[in-house]
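Remarks on the structure that follows.
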Number of protein chains: 2
Amino acid sequence: MPIQQSMLEAIEEELKRQVARLDQPRMQPFHQMLTYHMGWIGEGAGPNAAGKRIRPLLTLLVTASCFIGDVVGGEVGRGNWLHAVSAAAAIELIHNFSLAHDDIQDNSELRRGRKTLWVKWGSPMAINAGDALFVIANQSILDLIGRYPAEIVVRAATVLNNSCLDLTRGQYLDMSYEERTDLTMEDYWPMIGGKTSSLLSACTQIGAILGYAQEPQIEAFRLFGYHLGLAFQVQDDILGIWGDENLTGKSAASDLVEGKNSLPVLYGLEQNGRFAERWRKGPISLAEVSEVAALLEAEGGKAFAEKMSAEETQKALGCLQEANPRGEAGQAILQLANMLLKRNQ
Amino acid sequence: MPIQQSMLEAIEEELKRQVARLDQPRMQPFHQMLTYHMGWIGEGAGPNAAGKRIRPLLTLLVTASCFIGDVVGGEVGRGNWLHAVSAAAAIELIHNFSLAHDDIQDNSELRRGRKTLWVKWGSPMAINAGDALFVIANQSILDLIGRYPAEIVVRAATVLNNSCLDLTRGQYLDMSYEERTDLTMEDYWPMIGGKTSSLLSACTQIGAILGYAQEPQIEAFRLFGYHLGLAFQVQDDILGIWGDENLTGKSAASDLVEGKNSLPVLYGLEQNGRFAERWRKGPISLAEVSEVAALLEAEGGKAFAEKMSAEETQKALGCLQEANPRGEAGQAILQLANMLLKRNQ
């Protein structure tokens, strides 16, 4: 079995074990809210509902890619990636906590084609379910104790919580931008740095810490995750306007209709051309979407975003090379990065 | 200066230092949401808005009461309570995180006489501000590192997060009870155990852990906090129906009007008398309140709750005696417990 497959199975098992903290008398409906949100039960349950578990997979791959060098006589020197699985689960739980609250904040009725938590159980219950996911994430990372020295557990938990505060910063910026009409591209990077890159850099940093990597390697992995996140988000912005909806599984033009302050849009606004003129007039209807997308492309919005994505991709790959991940896991990290960054090909 | 006063000042300073993680460029309005909620800025800011900081005070008093025996020749042996202040701040931040989300869930427009977060900034921002308080609480408790061995930091953080999951359990029960008409007194204790007692027992347990107490003393302190919480909540239920609103600062009869499933009410429902008959007919108006309260009192609801509160108080004081807190801090714990449990006198 390829290493990714073993990891994904271990991640899913650990996630279920952690969420089962609520599998208790009186708590069954509460437990079900979480298992539904994680994609395990209810209508449409299954891998599509669960998502790709990219973050925990990346975490464990990084850990494993640091351990390879420690294999002596067929035995892994200081441990194996399975010891890090509760940290990987913690990161996926943080991701899912943020999705649960995002869906309430954005008034989103569907996620991965299924009704969102707040639509099914109401906002008060959905807020609480998100809070529980967040708590269980913290419990999961503290569960490293016994498998890792306490100093390393505290460090990993600190990195995770620092990235969580970045998530709330990014979410604050995203929400505050909704009311603003004076945004520039300078406003873009702190937002996606918080919303997307910070948790991806926590994955790679924590993975390296749990792989007992040296400090320069930990830092290279951290930066790899950070730039990977930026490149990925810019790609996502491009697909949100010009993507093939059959490939991405969402309405290709929805970002323009939703008025999302994506990088191409902010670029277009700075050009102060016909796109900016139209954007500032108010919401774009579905009927106008292809025309406005063409306008933005003609004014350079797509090309600029592609250039930025390519630059961040190069930075990410440069950092990955410096981090020098080894073995089958190292190869798998490169594959995963390529998969994330070339989704439209 | 009495020890409580020194502690309250240190707590407030530490809280401000922790929340200042958001005192950054671009984040000023976000930072203000938190400082407003903590009672430091905005209309009505000050001690009344901030609340009594009972939980962090209790934490530090317990820590200090364990240290006293370690004083040798005027020097504290293994440290002093100031080393535990970031854990005390963490608990107060958890309390404030839960208030911020509770106010959204309960649709409460006022807290301590001031507009709630969601009323001032909208629910999406208030959810995010609550999330940030939770993250900062975790960062605060991890900040013990350097002042305590990593094993102790992990243990304290684990106790805190276990109590946070209890908070979400209690909140789930509380919300799910709103729709139920078949509640009994058996349903009461798990709810307030989660909503009130769990965090108070985390205060005393963490306080003792950070005071390097022995295991039996830690357990006695934990149980003291737990029973203190139960006694306090039952008291609060009694005041919510029969309290003098001038003393408690809230409308004396509001719990009956709000349909709160308090202990006296659940007792009354089990009697299946005239109170139960009236309660099941639907919402109680302000005009009926004193009549319904008198009915419930006549059917034994008040006396029963007073008996339960007295029993829990006795258990709490028994555990406290077993925990044997020492010195000025030990005296202060007893005073604090008496203050909490005799608010109507």
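Labeling convention for the structure tokens: chains A, B, ... as they appear, residues from 1 per chain, ligands from 1 in order of appearance.
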
For this session: Mind checking which residues fall within 7 Å of region 145-162 of chain B, counting only C-alpha atoms, ignoring those fewer than 3 positions away in the same chain, and posting them as a ChimeraX atom specification?
Result: /A:135,138-139,142,150-151,154 /B:83,141-142,165-166,202,206

Problem set entry | Test item, helix (DSSP H, G or I) assignment across region 95-174 of chain A, answer as an NGL selection string | :A and (95-105 or 117-121 or 123-142 or 150-174)

Problem set entry | For Thr116 (chain B): contacts at 12 Å, only C-alpha atoms, fewer than 2 positions along chain excluded, given as a PyMOL selection string | chain B and resi 33-34+36-39+42-44+49+96+99-114+118-123+125-127+129-130

Problem set entry | Surrounding residues of region 323-337 of chain A excluding itself and chain neighbours under 3 positions, 10 Å, only C-alpha atoms, as JSON, numbers by chain | {"A": [2, 3, 4, 54, 57, 58, 59, 60, 61, 62, 63, 64, 65, 66, 67, 68, 69, 208, 213, 214, 216, 217, 218, 219, 220, 221, 222, 223, 224, 225, 228, 229, 232, 313, 316, 317, 318, 319, 320, 340, 341, 342]}

Exercise. In Å, how far is it from CA of Ser262 (chain A) to CA of Leu199 (chain A)?
Worked result: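 Value for the CA of Ser262 (chain A)-CA of Leu199 (chain A) distance: 19.2 Å.
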
Exercise. Between B:Phe30, B:Phe275, B:Tyr188, B:Trp40, which is the closest to chain A once you count only C-alpha atoms?
Worked result: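 Checking each of B:Phe30, B:Phe275, B:Tyr188, B:Trp40 against chain A, counting only C-alpha atoms, the winner is B:Phe30.
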
Problem set entry | One-decimal distance in Å that lies between CA of Leu93 (chain A) and CA of Thr204 (chain A) | 16.0 Å

Exercise. Do you know which residues are at most 10 Å from Ser140 (chain A) counting only C-alpha atoms, after dropping those on the same chain fewer than 5 positions away, and could you put them as a list in words?
Worked result: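 Contacts, in chain order: Glu14, Leu15, Arg17, Gln18, Val19, Val85, Ser86, Ala87, Ala88, Ala89, Ala90, Ile91, Leu93, Phe134, Val135, Ile145 and Ala157 of chain A; Thr158 of chain B.
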
Problem set entry | Nearest candidate to chain A (options B:Asp143, B:Glu258, B:Glu12, B:Glu215; using only C-alpha atoms) | B:Asp143

For this session: Just list the residues in region 47-154 of chain B DSSP gives strand (DSSP E or B) on the backbone, as a list in words.
Result: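 Answer for region 47-154 of chain B, restricted to strand (DSSP E or B): Val71, Val72, Glu75, Val76, Leu110, Arg111, Arg114, Lys115, Ile145 and Tyr148 of chain B.
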
For the selection you just gave me, I'd like the residues written to a file as a PDB file, in the first residue's frame, keeping N, CA and C atoms.
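Written output follows (again38.pdb):
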```
ATOM      1  N   VAL B  71       7.589  27.966  51.837  1.00  0.00           N
ATOM      2  CA  VAL B  71       8.376  29.150  52.192  1.00  0.00           C
ATOM      3  C   VAL B  71       9.426  28.757  53.213  1.00  0.00           C
ATOM      4  N   VAL B  72      10.657  29.004  52.846  1.00  0.00           N
ATOM      5  CA  VAL B  72      11.757  28.663  53.755  1.00  0.00           C
ATOM      6  C   VAL B  72      12.578  29.929  53.960  1.00  0.00           C
ATOM      7  N   GLU B  75      11.778  32.893  51.801  1.00  0.00           N
ATOM      8  CA  GLU B  75      11.797  32.686  50.349  1.00  0.00           C
ATOM      9  C   GLU B  75      10.781  31.606  49.986  1.00  0.00           C
ATOM     10  N   VAL B  76      10.037  31.840  48.948  1.00  0.00           N
ATOM     11  CA  VAL B  76       9.143  30.791  48.481  1.00  0.00           C
ATOM     12  C   VAL B  76       9.990  29.724  47.811  1.00  0.00           C
ATOM     13  N   LEU B 110     -28.101  42.334  26.097  1.00  0.00           N
ATOM     14  CA  LEU B 110     -27.344  43.032  27.140  1.00  0.00           C
ATOM     15  C   LEU B 110     -26.574  42.037  27.994  1.00  0.00           C
ATOM     16  N   ARG B 111     -25.375  42.442  28.402  1.00  0.00           N
ATOM     17  CA  ARG B 111     -24.604  41.695  29.403  1.00  0.00           C
ATOM     18  C   ARG B 111     -23.997  42.705  30.353  1.00  0.00           C
ATOM     19  N   ARG B 114     -24.524  46.241  29.409  1.00  0.00           N
ATOM     20  CA  ARG B 114     -23.945  46.805  28.178  1.00  0.00           C
ATOM     21  C   ARG B 114     -24.370  45.977  26.972  1.00  0.00           C
ATOM     22  N   LYS B 115     -24.391  46.620  25.822  1.00  0.00           N
ATOM     23  CA  LYS B 115     -24.708  45.901  24.586  1.00  0.00           C
ATOM     24  C   LYS B 115     -23.729  44.748  24.393  1.00  0.00           C
ATOM     25  N   ILE B 145       5.000  27.845  29.876  1.00  0.00           N
ATOM     26  CA  ILE B 145       6.303  27.239  29.584  1.00  0.00           C
ATOM     27  C   ILE B 145       7.418  28.240  29.930  1.00  0.00           C
ATOM     28  N   TYR B 148       7.106  26.788  34.257  1.00  0.00           N
ATOM     29  CA  TYR B 148       6.779  25.444  34.761  1.00  0.00           C
ATOM     30  C   TYR B 148       7.392  24.408  33.829  1.00  0.00           C
TER      31      TYR B 148
END
```

Exercise. Excluding same-chain residues fewer than 5 positions from Ala231 (chain B), what lies within 8 Å of it counting only C-alpha atoms, as a VMD selection string?
Worked result: chain B and resid 308 to 313 341

Using N, CA and C atoms, can you export the residues from the last selection as an mmCIF file, in the first residue's frame?
```cif
data_model
loop_
_atom_site.group_PDB
_atom_site.id
_atom_site.type_symbol
_atom_site.label_atom_id
_atom_site.label_comp_id
_atom_site.auth_asym_id
_atom_site.auth_seq_id
_atom_site.Cartn_x
_atom_site.Cartn_y
_atom_site.Cartn_z
ATOM 1 N N MET B 308 -30.782 21.482 48.317
ATOM 2 C CA MET B 308 -29.736 20.987 47.419
ATOM 3 C C MET B 308 -28.514 21.904 47.450
ATOM 4 N N SER B 309 -28.773 23.206 47.484
ATOM 5 C CA SER B 309 -27.665 24.159 47.530
ATOM 6 C C SER B 309 -26.879 23.989 48.831
ATOM 7 N N ALA B 310 -27.602 23.789 49.918
ATOM 8 C CA ALA B 310 -26.935 23.598 51.214
ATOM 9 C C ALA B 310 -26.104 22.313 51.198
ATOM 10 N N GLU B 311 -26.650 21.260 50.593
ATOM 11 C CA GLU B 311 -25.909 19.990 50.517
ATOM 12 C C GLU B 311 -24.627 20.143 49.711
ATOM 13 N N GLU B 312 -24.747 20.810 48.560
ATOM 14 C CA GLU B 312 -23.555 21.001 47.723
ATOM 15 C C GLU B 312 -22.548 21.914 48.417
ATOM 16 N N THR B 313 -23.055 22.894 49.137
ATOM 17 C CA THR B 313 -22.170 23.779 49.900
ATOM 18 C C THR B 313 -21.395 22.979 50.943
ATOM 19 N N LEU B 341 -21.536 31.811 47.910
ATOM 20 C CA LEU B 341 -22.650 30.957 48.312
ATOM 21 C C LEU B 341 -23.683 31.666 49.170
#
```

For this session: Find the residues around Ala305 (chain A) up to 8 Å (only C-alpha atoms counted), leave out those fewer than 3 positions away in its own chain, and share them as number ranges by chain.
Result: A: 234-235, 238, 263-264, 301-302, 308-309

Based on the selection just made, write C-alpha atoms of those residues as a PDB file, in the first residue's frame.
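Writing the result to again.pdb gives the following:
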```pdb
ATOM      1  CA  VAL A 234      -4.302  32.513  -5.841  1.00  0.00           C
ATOM      2  CA  GLN A 235      -4.979  29.445  -8.032  1.00  0.00           C
ATOM      3  CA  ILE A 238      -8.307  32.174 -10.727  1.00  0.00           C
ATOM      4  CA  LEU A 263      -6.558  38.873  -6.297  1.00  0.00           C
ATOM      5  CA  PRO A 264      -7.677  39.260  -9.947  1.00  0.00           C
ATOM      6  CA  GLY A 301      -6.306  40.368 -14.078  1.00  0.00           C
ATOM      7  CA  LYS A 302      -5.895  36.731 -15.021  1.00  0.00           C
ATOM      8  CA  MET A 308       1.791  35.672  -8.769  1.00  0.00           C
ATOM      9  CA  SER A 309       0.738  32.050  -8.407  1.00  0.00           C
TER      10      SER A 309
END
```

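The spacing separating CA of Asp182 (chain A) from CA of Asn261 (chain A) amounts to 11.0 Å.
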